[in-house]
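A.B. asks: Got a file for you: input_24.cif, mmCIF, C-alpha atoms.
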```cif
data_model
loop_
_atom_site.label_atom_id
_atom_site.label_comp_id
_atom_site.auth_asym_id
_atom_site.auth_seq_id
_atom_site.Cartn_x
_atom_site.Cartn_y
_atom_site.Cartn_z
CA MET A 1 24.56 -35.54 -31.18
CA PRO A 2 27.87 -36.86 -32.39
CA GLU A 3 30.15 -37.59 -29.51
CA THR A 4 33.33 -39.42 -28.81
CA ALA A 5 32.84 -42.93 -27.54
CA PRO A 6 32.22 -42.85 -23.81
CA ALA A 7 34.86 -44.48 -21.71
CA ALA A 8 32.52 -45.49 -18.95
CA PRO A 9 29.14 -47.13 -19.50
CA ARG A 10 26.25 -44.70 -19.70
CA THR A 11 24.19 -44.98 -16.58
CA ALA A 12 21.58 -42.96 -14.78
CA ALA A 13 23.70 -43.35 -11.66
CA ALA A 14 25.84 -40.56 -13.04
CA LEU A 15 22.90 -38.29 -12.21
CA LEU A 16 23.31 -38.93 -8.53
CA VAL A 17 25.91 -36.34 -7.61
CA PRO A 18 24.41 -33.52 -9.72
CA ALA A 19 20.97 -34.37 -8.36
CA LEU A 20 22.22 -34.21 -4.79
CA ALA A 21 23.91 -30.89 -5.46
CA GLY A 22 20.75 -29.50 -7.05
CA GLY A 23 18.66 -30.78 -4.17
CA LEU A 24 20.94 -29.03 -1.73
CA VAL A 25 20.66 -25.79 -3.69
CA ALA A 26 16.85 -25.94 -3.70
CA LEU A 27 16.78 -26.83 -0.01
CA ALA A 28 19.25 -24.11 0.93
CA LEU A 29 17.22 -21.46 -0.89
CA GLY A 30 14.01 -22.62 0.77
CA VAL A 31 15.53 -22.78 4.23
CA TYR A 32 17.12 -19.36 3.81
CA GLY A 33 13.84 -17.89 2.60
CA LYS A 34 11.97 -19.45 5.48
CA ALA A 35 14.45 -18.78 8.26
CA HIS A 36 15.07 -15.18 7.40
CA ASP A 37 12.33 -12.59 7.76
CA GLY A 38 11.47 -10.69 4.65
CA THR A 39 12.98 -7.26 5.00
CA GLY A 40 10.72 -5.64 2.46
CA ILE A 41 13.75 -3.94 1.00
CA GLY A 42 15.17 -4.59 -2.40
CA VAL A 43 17.09 -2.88 -5.09
CA LEU A 44 14.77 -0.98 -7.34
CA LEU A 45 15.66 -1.17 -10.98
CA ALA A 46 15.62 2.18 -12.72
CA GLY A 47 12.60 2.61 -14.92
CA PHE A 48 10.25 0.52 -12.84
CA SER A 49 7.71 1.85 -10.40
CA THR A 50 8.07 -1.01 -7.95
CA ALA A 51 10.48 -3.84 -7.35
CA VAL A 52 7.63 -6.25 -7.97
CA ALA A 53 7.00 -4.84 -11.44
CA ALA A 54 10.70 -5.08 -12.24
CA LYS A 55 10.67 -8.70 -11.15
CA ALA A 56 7.59 -9.51 -13.18
CA TRP A 57 9.27 -8.17 -16.31
CA MET A 58 12.61 -9.80 -15.64
CA THR A 59 10.90 -13.14 -15.12
CA THR A 60 9.06 -12.60 -18.38
CA VAL A 61 12.37 -11.96 -20.15
CA ALA A 62 13.82 -15.12 -18.60
CA THR A 63 10.81 -17.12 -19.74
CA ALA A 64 11.08 -15.77 -23.28
CA LEU A 65 14.74 -16.79 -23.28
CA GLY A 66 13.56 -20.16 -21.98
CA VAL A 67 11.49 -20.55 -25.13
CA VAL A 68 14.62 -19.77 -27.15
CA GLN A 69 16.29 -22.51 -25.13
CA VAL A 70 13.73 -25.10 -26.05
CA VAL A 71 13.75 -24.19 -29.75
CA SER A 72 17.55 -24.10 -29.98
CA ALA A 73 17.79 -27.39 -28.11
CA LEU A 74 15.36 -29.00 -30.53
CA SER A 75 17.55 -27.70 -33.34
CA LEU A 76 20.70 -29.08 -31.68
CA TYR A 77 19.05 -32.48 -31.51
CA GLY A 78 18.24 -32.23 -35.21
CA ARG A 79 14.49 -32.06 -34.73
CA LEU A 80 14.10 -28.92 -36.82
CA GLY A 81 15.88 -30.05 -39.95
CA ARG A 82 19.49 -29.21 -40.58
CA THR A 83 21.17 -27.81 -37.48
CA PRO A 84 22.63 -24.37 -38.15
CA SER A 85 26.10 -23.76 -36.80
CA TRP A 86 24.87 -21.00 -34.57
CA ALA A 87 22.33 -23.14 -32.74
CA GLY A 88 24.91 -24.10 -30.10
CA PRO A 89 26.07 -20.57 -29.26
CA VAL A 90 22.46 -19.35 -29.28
CA HIS A 91 21.50 -22.12 -26.87
CA ARG A 92 24.40 -21.46 -24.55
CA TRP A 93 24.17 -17.69 -24.49
CA SER A 94 20.38 -17.47 -24.21
CA GLY A 95 20.62 -19.91 -21.31
CA ARG A 96 23.28 -17.89 -19.57
CA ALA A 97 21.30 -14.70 -20.10
CA ALA A 98 18.08 -16.29 -18.79
CA PHE A 99 19.88 -17.53 -15.68
CA LEU A 100 21.55 -14.20 -14.98
CA VAL A 101 18.26 -12.35 -15.39
CA ALA A 102 16.54 -14.79 -13.03
CA VAL A 103 19.14 -14.55 -10.25
CA PRO A 104 18.41 -10.98 -9.11
CA VAL A 105 14.71 -11.81 -9.12
CA ALA A 106 15.33 -14.76 -6.84
CA VAL A 107 17.54 -12.71 -4.55
CA HIS A 108 14.82 -10.12 -4.20
CA CYS A 109 12.19 -12.79 -3.58
CA LEU A 110 14.26 -14.49 -0.93
CA TYR A 111 15.72 -11.41 0.68
CA ALA A 112 12.80 -9.03 0.64
CA LEU A 113 9.90 -11.46 0.89
CA GLY A 114 11.10 -14.90 1.91
CA PHE A 115 9.50 -18.29 1.53
CA GLN A 116 5.79 -17.86 2.10
CA ALA A 117 2.70 -19.98 2.23
CA THR A 118 0.02 -17.34 2.64
CA ASP A 119 -2.07 -18.93 -0.11
CA GLY A 120 -1.81 -21.69 -2.68
CA ARG A 121 -0.31 -19.50 -5.37
CA VAL A 122 2.35 -18.07 -3.11
CA LEU A 123 3.22 -21.48 -1.68
CA MET A 124 3.53 -23.06 -5.12
CA HIS A 125 5.57 -20.12 -6.37
CA SER A 126 7.93 -20.40 -3.39
CA LEU A 127 8.34 -24.14 -3.82
CA LEU A 128 8.77 -24.10 -7.58
CA GLY A 129 11.10 -21.12 -7.45
CA CYS A 130 13.46 -23.01 -5.14
CA LEU A 131 13.12 -26.13 -7.27
CA PHE A 132 13.93 -24.18 -10.42
CA PHE A 133 17.36 -23.20 -9.21
CA GLY A 134 17.96 -26.73 -7.95
CA ALA A 135 16.99 -28.21 -11.31
CA PHE A 136 19.12 -25.67 -13.13
CA THR A 137 22.11 -26.66 -11.02
CA VAL A 138 21.55 -30.33 -11.86
CA LYS A 139 21.37 -29.52 -15.55
CA MET A 140 24.53 -27.44 -15.50
CA LEU A 141 26.44 -30.15 -13.66
CA CYS A 142 25.23 -32.81 -16.09
CA LEU A 143 26.20 -30.95 -19.26
CA ARG A 144 29.76 -32.18 -19.35
CA SER A 145 29.15 -35.70 -18.12
CA ASP A 146 29.99 -38.40 -20.66
CA ARG A 147 28.34 -41.13 -18.66
CA LEU A 148 24.72 -39.99 -18.67
CA PRO A 149 22.07 -41.79 -20.67
CA GLY A 150 20.97 -39.90 -23.75
CA TRP A 151 17.61 -38.92 -22.32
CA ALA A 152 19.07 -37.18 -19.26
CA LEU A 153 19.82 -33.76 -20.71
CA PRO A 154 16.58 -33.30 -22.66
CA VAL A 155 14.59 -34.38 -19.61
CA LEU A 156 16.52 -32.08 -17.30
CA GLY A 157 16.22 -29.19 -19.74
CA GLY A 158 12.50 -29.86 -20.02
CA VAL A 159 12.10 -29.89 -16.25
CA VAL A 160 13.96 -26.60 -15.89
CA PHE A 161 11.79 -25.03 -18.59
CA VAL A 162 8.53 -26.31 -17.11
CA LEU A 163 9.50 -25.01 -13.67
CA LEU A 164 10.40 -21.63 -15.11
CA VAL A 165 7.11 -21.34 -16.96
CA ALA A 166 5.20 -22.39 -13.84
CA VAL A 167 7.01 -19.82 -11.71
CA TRP A 168 6.32 -17.20 -14.37
CA LEU A 169 2.62 -18.09 -14.52
CA LEU A 170 2.33 -17.93 -10.74
CA SER A 171 4.04 -14.56 -10.47
CA SER A 172 4.40 -12.40 -13.56
CA VAL A 173 1.19 -13.45 -15.25
CA TRP A 174 -0.69 -13.16 -11.98
CA PHE A 175 0.86 -9.73 -11.41
CA PHE A 176 0.05 -8.45 -14.90
CA ASN A 177 -3.46 -9.81 -14.58
CA SER A 178 -4.18 -7.92 -11.40
CA ASN A 179 -2.17 -4.78 -12.16
CA GLY A 180 -2.11 -4.51 -15.92
CA LEU A 181 1.13 -4.35 -17.88
CA THR A 182 2.65 -1.80 -15.54
CA THR A 183 6.33 -1.20 -15.47
CA MET B 1 36.16 -26.39 -25.55
CA LYS B 2 37.00 -28.30 -22.44
CA ARG B 3 36.69 -25.35 -20.14
CA PRO B 4 34.05 -26.06 -17.51
CA THR B 5 31.72 -23.36 -18.81
CA PRO B 6 28.60 -24.70 -17.07
CA LEU B 7 30.40 -24.38 -13.76
CA ILE B 8 31.45 -20.88 -14.71
CA THR B 9 27.81 -20.09 -15.44
CA LEU B 10 26.77 -21.35 -12.01
CA LEU B 11 29.55 -19.42 -10.33
CA ALA B 12 28.64 -16.27 -12.25
CA GLY B 13 25.07 -16.66 -10.99
CA LEU B 14 26.35 -17.11 -7.47
CA VAL B 15 28.54 -14.02 -7.71
CA LEU B 16 25.72 -11.96 -9.21
CA GLY B 17 23.32 -13.16 -6.53
CA GLY B 18 25.84 -12.29 -3.85
CA ALA B 19 26.34 -8.85 -5.33
CA VAL B 20 22.62 -8.11 -5.48
CA LEU B 21 22.23 -9.43 -1.94
CA GLY B 22 25.08 -7.19 -0.84
CA ILE B 23 23.41 -4.12 -2.34
CA ASP B 24 20.11 -5.11 -0.74
CA MET B 25 21.73 -5.50 2.63
CA ALA B 26 23.56 -2.20 2.29
CA GLN B 27 20.22 -0.53 1.57
CA SER B 28 18.57 -2.21 4.52
CA SER B 29 21.22 -1.17 6.96
CA GLY B 30 21.08 2.38 5.71
CA ASN B 31 18.48 4.69 7.14
CA ALA B 32 16.22 4.33 4.13
CA GLU B 33 12.74 3.58 5.28
CA PRO B 34 11.23 0.40 3.91
CA ALA B 35 8.46 2.56 2.60
CA PRO B 36 6.52 0.39 0.18
CA TYR B 37 6.39 -2.61 2.42
CA GLY B 38 5.20 -3.01 5.95
CA ALA B 39 4.43 -0.51 8.59
CA PRO B 40 6.63 1.88 10.41
CA GLU B 41 8.85 0.24 12.92
CA ALA B 42 8.93 1.74 16.32
CA THR B 43 12.22 2.99 17.47
CA VAL B 44 11.49 2.78 21.16
CA ALA B 45 14.05 0.85 23.08
CA ALA B 46 12.87 -2.42 24.47
CA PRO B 47 12.57 -2.39 28.24
CA PRO B 48 15.83 -3.34 29.87
CA GLY B 49 16.02 -6.96 30.71
CA THR B 50 12.94 -8.97 30.08
CA PRO B 51 9.96 -7.84 32.09
CA ALA B 52 8.85 -11.01 33.72
CA PRO B 53 5.47 -12.31 32.69
CA GLY B 54 3.77 -11.73 35.98
CA PRO B 55 3.92 -9.38 38.91
CA ALA B 56 6.42 -6.59 38.95
CA SER B 57 8.43 -8.14 41.71
CA GLY B 58 8.94 -11.31 39.76
CA SER B 59 12.24 -10.41 38.17
CA PRO B 60 14.65 -9.66 40.91
CA GLY B 61 17.60 -10.72 38.82
CA THR B 62 17.30 -8.20 36.07
CA ALA B 63 15.35 -5.38 37.64
CA SER B 64 16.99 -2.93 39.95
CA PRO B 65 16.94 -4.29 43.48
CA GLY B 66 14.45 -2.35 45.48
CA PRO B 67 12.86 1.00 44.84
CA ASP B 68 15.05 3.37 42.95
CA PRO B 69 13.85 6.90 42.47
CA ALA B 70 15.50 7.16 39.08
CA ARG B 71 14.20 3.84 37.85
CA PRO B 72 10.65 3.09 38.94
CA THR B 73 9.94 -0.61 39.26
CA PRO B 74 8.46 -1.99 36.06
CA PRO B 75 4.73 -2.17 36.51
CA ALA B 76 2.65 -5.22 35.76
CA VAL B 77 1.61 -5.77 32.22
CA ILE B 78 -1.93 -4.93 31.14
CA SER B 79 -2.46 -8.44 29.83
CA GLU B 80 -0.32 -11.29 28.63
CA LYS B 81 -3.04 -12.28 26.22
CA PRO B 82 -3.94 -9.95 23.37
CA VAL B 83 -6.37 -7.28 24.50
CA SER B 84 -7.68 -4.49 22.33
CA PHE B 85 -8.96 -1.03 23.09
CA ALA B 86 -10.98 1.00 20.64
CA GLY B 87 -12.45 4.46 20.58
CA ASN B 88 -11.70 7.87 19.18
CA ALA B 89 -9.18 10.61 19.30
CA THR B 90 -10.59 14.10 19.13
CA VAL B 91 -9.01 15.71 16.11
CA LYS B 92 -9.99 19.32 15.49
CA GLY B 93 -13.24 18.77 17.31
CA GLY B 94 -14.22 15.62 15.47
CA PRO B 95 -13.77 11.97 16.34
CA VAL B 96 -11.09 9.97 14.57
CA PRO B 97 -11.05 6.24 15.30
CA LEU B 98 -8.14 4.84 17.24
CA ALA B 99 -7.46 1.29 18.37
CA VAL B 100 -4.68 -0.34 20.33
CA THR B 101 -3.82 -3.98 20.81
CA VAL B 102 -1.61 -4.91 23.74
CA VAL B 103 0.16 -8.22 24.14
CA GLY B 104 2.40 -8.47 27.17
CA ASN B 105 4.73 -5.51 27.18
CA ARG B 106 4.25 -4.60 23.53
CA ALA B 107 1.48 -2.65 21.83
CA ILE B 108 0.45 -1.73 18.32
CA ALA B 109 -1.93 1.12 17.58
CA TYR B 110 -3.67 2.52 14.54
CA LEU B 111 -5.18 5.94 14.14
CA CYS B 112 -7.24 6.33 10.99
CA ASP B 113 -9.96 8.65 9.75
CA GLY B 114 -10.78 6.41 6.80
CA THR B 115 -9.93 9.00 4.17
CA SER B 116 -6.53 10.58 4.51
CA LEU B 117 -5.14 10.51 8.01
CA GLU B 118 -3.58 7.30 9.20
CA SER B 119 -0.69 6.26 11.36
CA TRP B 120 0.56 2.98 12.76
CA PHE B 121 2.34 2.98 16.10
CA ARG B 122 4.39 0.39 17.90
CA GLY B 123 6.13 0.37 21.20
CA SER B 124 6.06 -0.66 24.80
CA ALA B 125 3.10 -1.06 27.09
CA SER B 126 2.91 -1.61 30.79
CA GLY B 127 0.31 -1.67 33.47
CA THR B 128 0.47 2.07 33.75
CA GLY B 129 0.87 3.30 30.25
CA LEU B 130 1.74 3.19 26.60
CA ASP B 131 4.74 4.62 24.83
CA LEU B 132 4.40 4.09 21.08
CA LYS B 133 5.98 5.64 18.06
CA GLY B 134 5.18 5.75 14.37
CA LYS B 135 6.49 7.19 11.15
CA ASN B 136 7.21 10.87 10.60
CA GLY B 137 7.40 11.73 14.26
CA ALA B 138 4.07 10.22 15.22
CA VAL B 139 3.84 9.47 18.94
CA LEU B 140 1.16 7.92 21.09
CA THR B 141 1.30 7.96 24.85
CA GLY B 142 -1.36 6.98 27.31
CA VAL B 143 -2.28 6.07 30.83
CA VAL B 144 -4.24 3.00 31.75
CA ALA B 145 -7.18 3.56 34.06
CA ALA B 146 -7.02 1.97 37.49
CA ASP B 147 -9.62 -0.61 36.55
CA GLY B 148 -7.68 -1.50 33.39
CA LYS B 149 -10.74 -0.94 31.22
CA SER B 150 -9.68 2.19 29.42
CA ILE B 151 -6.67 4.13 28.26
CA SER B 152 -6.51 7.86 27.76
CA GLY B 153 -3.72 10.03 26.55
CA LYS B 154 -2.41 11.98 23.62
CA VAL B 155 -1.59 11.10 20.08
CA THR B 156 0.61 13.15 17.78
CA ALA B 157 0.12 12.55 14.08
CA GLY B 158 -0.47 14.49 10.90
CA GLY B 159 0.86 17.70 12.32
CA GLY B 160 -1.15 17.92 15.51
CA THR B 161 -1.49 16.49 18.98
CA TYR B 162 -4.90 15.25 20.00
CA PRO B 163 -6.44 13.76 23.13
CA TYR B 164 -8.01 10.35 23.02
CA LYS B 165 -9.88 7.87 25.15
CA ILE B 166 -10.30 4.24 24.21
CA VAL B 167 -12.03 1.42 26.05
CA VAL B 168 -11.63 -2.34 26.12
CA ALA B 169 -12.99 -3.76 22.88
CA LYS B 170 -14.56 -7.17 23.01
CA PRO B 171 -13.84 -9.32 19.94
CA PRO B 172 -14.69 -9.06 17.16
CA SER B 173 -14.21 -5.36 17.73
CA GLY B 174 -10.60 -4.32 17.87
CA LEU B 175 -7.75 -3.81 15.44
CA TYR B 176 -7.06 -5.84 12.30
CA ARG B 177 -4.31 -5.69 9.76
CA ALA B 178 -3.56 -7.29 6.40
CA THR B 179 -0.18 -7.19 4.71
CA GLU B 180 0.18 -7.91 1.03
CA THR B 181 3.87 -8.38 0.61
CA THR B 182 3.73 -8.82 -3.12
CA ARG B 183 2.07 -5.49 -3.73
CA GLY B 184 3.62 -3.86 -0.73
CA ALA B 185 0.29 -2.78 0.66
CA VAL B 186 -0.86 -2.64 4.26
CA THR B 187 -4.52 -2.42 5.19
CA GLY B 188 -5.75 -1.62 8.66
CA TRP B 189 -9.24 -1.86 10.14
CA ILE B 190 -10.47 -0.37 13.38
CA VAL B 191 -13.65 -2.14 14.43
CA GLN B 192 -15.60 -0.26 17.06
CA ALA B 193 -17.84 -1.85 19.66
CA ASP B 194 -20.87 -0.96 17.54
CA GLY B 195 -19.34 -2.76 14.56
CA ARG B 196 -18.40 0.37 12.67
CA GLN B 197 -15.26 -0.18 10.61
CA THR B 198 -12.68 2.42 9.67
CA GLY B 199 -9.54 1.80 7.70
CA LEU B 200 -7.24 2.57 4.84
CA SER B 201 -5.35 0.40 2.42
CA THR B 202 -1.99 1.94 1.66
CA GLY B 203 0.40 0.70 -0.97
CA PRO B 204 2.90 2.02 -3.46
CA ASP B 205 0.08 3.61 -5.41
CA GLY B 206 -1.33 5.55 -2.50
CA SER B 207 -4.16 5.09 -0.02
CA LYS B 208 -7.75 4.17 -0.51
CA PRO B 209 -10.51 3.39 1.96
CA ALA B 210 -10.32 -0.15 3.26
CA PRO B 211 -13.02 -2.45 1.90
CA PRO B 212 -15.43 -4.04 4.38
CA LEU B 213 -13.76 -6.72 6.47
CA ASP B 214 -15.67 -9.94 6.87
CA LEU B 215 -15.23 -10.45 10.61
CA ALA B 216 -16.29 -14.09 10.49
CA ASN B 217 -13.54 -15.12 8.09
CA LEU B 218 -11.24 -12.10 8.39
CA THR B 219 -11.20 -11.72 4.64
CA ALA B 220 -11.62 -8.75 2.35
CA THR B 221 -11.09 -7.93 -1.28
CA VAL B 222 -8.54 -5.16 -1.71
CA GLY B 223 -8.37 -3.86 -5.26
CA GLY B 224 -9.66 -7.11 -6.68
CA THR B 225 -7.25 -9.23 -4.67
CA PRO B 226 -8.57 -11.33 -1.80
CA VAL B 227 -6.58 -10.70 1.34
CA THR B 228 -6.62 -12.25 4.77
CA ALA B 229 -6.51 -10.01 7.80
CA GLU B 230 -5.17 -10.84 11.22
CA PRO B 231 -5.74 -9.29 14.58
CA ALA B 232 -2.93 -6.76 14.80
CA ASP B 233 0.00 -8.26 16.65
CA PRO B 234 2.61 -5.95 18.18
CA ASN B 235 5.16 -8.77 18.08
CA ALA B 236 4.68 -9.60 14.41
CA ALA B 237 7.21 -8.49 11.89
CA PRO B 238 6.09 -5.15 10.48
#
```
Just dump the structure as structure tokens.
C.D. replies:
Amino acid sequence: MPETAPAAPRTAAALLVPALAGGLVALALGVYGKAHDGTGIGVLLAGFSTAVAAKAWMTTVATALGVVQVVSALSLYGRLGRTPSWAGPVHRWSGRAAFLVAVPVAVHCLYALGFQATDGRVLMHSLLGCLFFGAFTVKMLCLRSDRLPGWALPVLGGVVFVLLVAVWLLSSVWFFNSNGLTT
Amino acid sequence: MKRPTPLITLLAGLVLGGAVLGIDMAQSSGNAEPAPYGAPEATVAAPPGTPAPGPASGSPGTASPGPDPARPTPPAVISEKPVSFAGNATVKGGPVPLAVTVVGNRAIAYLCDGTSLESWFRGSASGTGLDLKGKNGAVLTGVVAADGKSISGKVTAGGGTYPYKIVVAKPPSGLYRATETTRGAVTGWIVQADGRQTGLSTGPDGSKPAPPLDLANLTATVGGTPVTAEPADPNAAP
């Protein structure tokens, strides 16, 4: 990526503050989910039979947008041949859309259900779900830093994507497997 | 493009999350019943003060001082440790299983015919009686026998009021409950002294008979999903 010459030396230490902020986000979500009893109440999206089905689909949409993220990022880094001019806007807007679709899902998870460890799947989903939003925060905060080493953003983006896919596998895919593709 | 758009993205997420949370909270505080999840919550008022764990006279600070005709002294609890009673209510001439678990001054009860009629009740329990409530006007009241081994009374559910008598149930007989928060299903099992099990699994898609509960591991497979049951706990979140 062509960039203006960095004023400060590129160093992984520039990751420190974003990483701390992301860690705090993940921790706060987990503590909130754990401390507060699931109310069992959540907004039901029109067109869906249950809140859980709505969440499964919204997470699926977010994951699909996550795939768009990876492809557009590869394009931005010139790994798919000539980079089209729209690769940047596509990357930014699909990312924003994925995030905004994921937020209501997380709110429902945390508010209606809470952090749970009833079995391995639920525990991993709870953990990774909190981590996802922490990792996303780190990535957002790193985007405009001129002092990060070149590998930082691709690695962070990759981590966010892997977490999202893992959360999706542990929830939506599990849900569709046991309930069929219900809406 | 030097606007801090990533920060704006994060803030937008925060605002959206807050908005959804606000709507959720508004729904919760409304009178909407949390139908798909959990069991009915009893609306009985908690006993004033905190009934002391022990003899009735043990809480002179909070209880009314001395005998008061309007406010009988709070009787001793049935048991501080969980104790279950199981038996039947007589509904239209036939037996319908009923079980109650008492812990301290709280009790949870489940009436279930295994096919269509079921009701969960929660409320207060004391050495003399039960006062439990459930959804849709369901009420269960009862009097504890002098020897503490049985409870008899009346249960109102499904459009009728029926007499019942239940006796102390030695584990593993008693009352079990499994909550699947993801699917929003609650399954209850009444296990009689002879081992007979009765229960229903009720979720957003209706009720179906509860599958056999493995009493050794407290596990069952509900609709293809393995679930773990727990002895019903009146103090657990519904």
A.B. asks: List the residues selected by the PyMOL selection byres ((chain B and resi 131) around 10) in the file shown, writing them as a list in words.
C.D. replies: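 This file, filtered by the PyMOL selection byres ((chain B and resi 131) around 10), leaves Ala42, Val44, Arg106, Ala107, Phe121, Arg122, Gly123, Ser124, Ala125, Ser126, Gly129, Leu130, Leu132, Lys133, Val139, Leu140, Thr141, Gly142 and Val143 of chain B.
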A.B. asks: What are the closest atom pairs, with distances in Å to one decimal, for all residues of region 103-174 of chain A lying within 10 Å of region 166-186 of chain B? Consider all atoms listed in the file, order rows by chain and residue number, and present the result as JSON lines.
C.D. replies:
```
{"residue": "A:Cys109", "atom": "CA", "partner": "B:Thr182", "partner_atom": "CA", "distance": 9.4}
{"residue": "A:Ala112", "atom": "CA", "partner": "B:Thr181", "partner_atom": "CA", "distance": 9.0}
{"residue": "A:Leu113", "atom": "CA", "partner": "B:Thr181", "partner_atom": "CA", "distance": 6.8}
{"residue": "A:Gly114", "atom": "CA", "partner": "B:Thr181", "partner_atom": "CA", "distance": 9.8}
{"residue": "A:Gln116", "atom": "CA", "partner": "B:Thr181", "partner_atom": "CA", "distance": 9.8}
{"residue": "A:Thr118", "atom": "CA", "partner": "B:Glu180", "partner_atom": "CA", "distance": 9.6}
{"residue": "A:Val122", "atom": "CA", "partner": "B:Thr182", "partner_atom": "CA", "distance": 9.4}
{"residue": "A:Ser171", "atom": "CA", "partner": "B:Thr182", "partner_atom": "CA", "distance": 9.3}
```
A.B. asks: Go ahead and write the selection's residues with C-alpha atoms as a PDB file, keeping the file's coordinate frame.
C.D. replies:
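Result file follows (part07.pdb):
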```
ATOM      1  CA  CYS A 109      12.190 -12.790  -3.580  1.00  0.00           C
ATOM      2  CA  ALA A 112      12.800  -9.030   0.640  1.00  0.00           C
ATOM      3  CA  LEU A 113       9.900 -11.460   0.890  1.00  0.00           C
ATOM      4  CA  GLY A 114      11.100 -14.900   1.910  1.00  0.00           C
ATOM      5  CA  GLN A 116       5.790 -17.860   2.100  1.00  0.00           C
ATOM      6  CA  THR A 118       0.020 -17.340   2.640  1.00  0.00           C
ATOM      7  CA  VAL A 122       2.350 -18.070  -3.110  1.00  0.00           C
ATOM      8  CA  SER A 171       4.040 -14.560 -10.470  1.00  0.00           C
TER       9      SER A 171
END
```
A.B. asks: Please provide the set of residues having any atom within 12 Å of Pro95 (chain B), restricted to all atoms listed in the file, with same-chain residues fewer than 5 positions apart removed, written as a count of residues only.
C.D. replies: 14
A.B. asks: Using only C-alpha atoms, determine which residues lie at most 12 Å from Pro6 (chain B), disregarding the query and same-chain residues fewer than 3 positions distant; provide the list as a ChimeraX atom specification.
C.D. replies: /A:92-93,95-96,99,136-145 /B:1-3,9-13
A.B. asks: Just give me the gap between CA of Ala157 (chain B) and CA of Ala109 (chain B) in Å, one decimal is fine.
C.D. replies: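 Computed distance, CA of Ala157 (chain B) to CA of Ala109 (chain B), equals 12.1 Å.
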A.B. asks: Mind giving me the straight-line distance from CA of Val107 (chain A) to CA of Leu164 (chain A) in Å, one decimal?
C.D. replies: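 Separating CA of Val107 (chain A) from CA of Leu164 (chain A) is a distance of 15.6 Å.
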A.B. asks: I want to know what sits within 9 Å of region 174-176 of chain A, based on only C-alpha atoms, with residues of the same chain fewer than 5 positions away left out; could you give that as a PyMOL selection string?
C.D. replies: (chain A and resi 52-53+56+168-169+181-182) or (chain B and resi 182-183)
A.B. asks: As an exercise, work out the distance from CA of Lys135 (chain B) to CA of Ser119 (chain B) in Å and give it to one decimal place.
C.D. replies: 7.2 Å
A.B. asks: Please write the residues picked by the PyMOL selection byres ((chain A and resi 101) around 10) on this file as JSON, numbers by chain.
C.D. replies: {"A": [55, 57, 58, 59, 60, 61, 62, 63, 65, 95, 96, 97, 98, 99, 100, 102, 103, 104, 105, 106], "B": [13, 16]}
A.B. asks: For the file shown, report as a compact mmCIF listing (two decimals) with C-alpha atoms, keeping the file's coordinate frame the outcome of the PyMOL selection byres ((chain A and resi 29) around 9) at residue level.
C.D. replies:
```txt
# COMPACT_ATOMS: atom_id res chain seq x y z
CA LEU A 24 20.94 -29.03 -1.73
CA VAL A 25 20.66 -25.79 -3.69
CA ALA A 26 16.85 -25.94 -3.70
CA LEU A 27 16.78 -26.83 -0.01
CA ALA A 28 19.25 -24.11 0.93
CA GLY A 30 14.01 -22.62 0.77
CA VAL A 31 15.53 -22.78 4.23
CA TYR A 32 17.12 -19.36 3.81
CA GLY A 33 13.84 -17.89 2.60
CA LYS A 34 11.97 -19.45 5.48
CA LEU A 110 14.26 -14.49 -0.93
CA PHE A 115 9.50 -18.29 1.53
CA GLY A 129 11.10 -21.12 -7.45
CA CYS A 130 13.46 -23.01 -5.14
CA LEU A 131 13.12 -26.13 -7.27
CA PHE A 133 17.36 -23.20 -9.21
CA GLY A 134 17.96 -26.73 -7.95
```
A.B. asks: Which of these residues is nearest to chain B, using all atoms listed in the file: A:Gly22, A:Pro84, A:Gly66, A:Pro149?
C.D. replies: A:Gly22
A.B. asks: Looking at A:Trp86, A:Val71, A:His108, A:Leu76, which one is nearest to chain B, with distances taken over only C-alpha atoms?
C.D. replies: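 Result for the nearest residue to chain B: A:His108.
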A.B. asks: Between A:His36, A:Ala117, A:His125, A:Phe132, single out the one closest to Gly157 (chain A), counting only C-alpha atoms.
C.D. replies: A:Phe132
A.B. asks: Let me make sure I understand: among B:Pro82, B:Gly159, B:Pro204, B:Gly94, which one has the smallest atom-to-atom distance to chain A if we use all atoms listed in the file?
C.D. replies: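 Under the stated criterion, the closest residue is B:Pro204.
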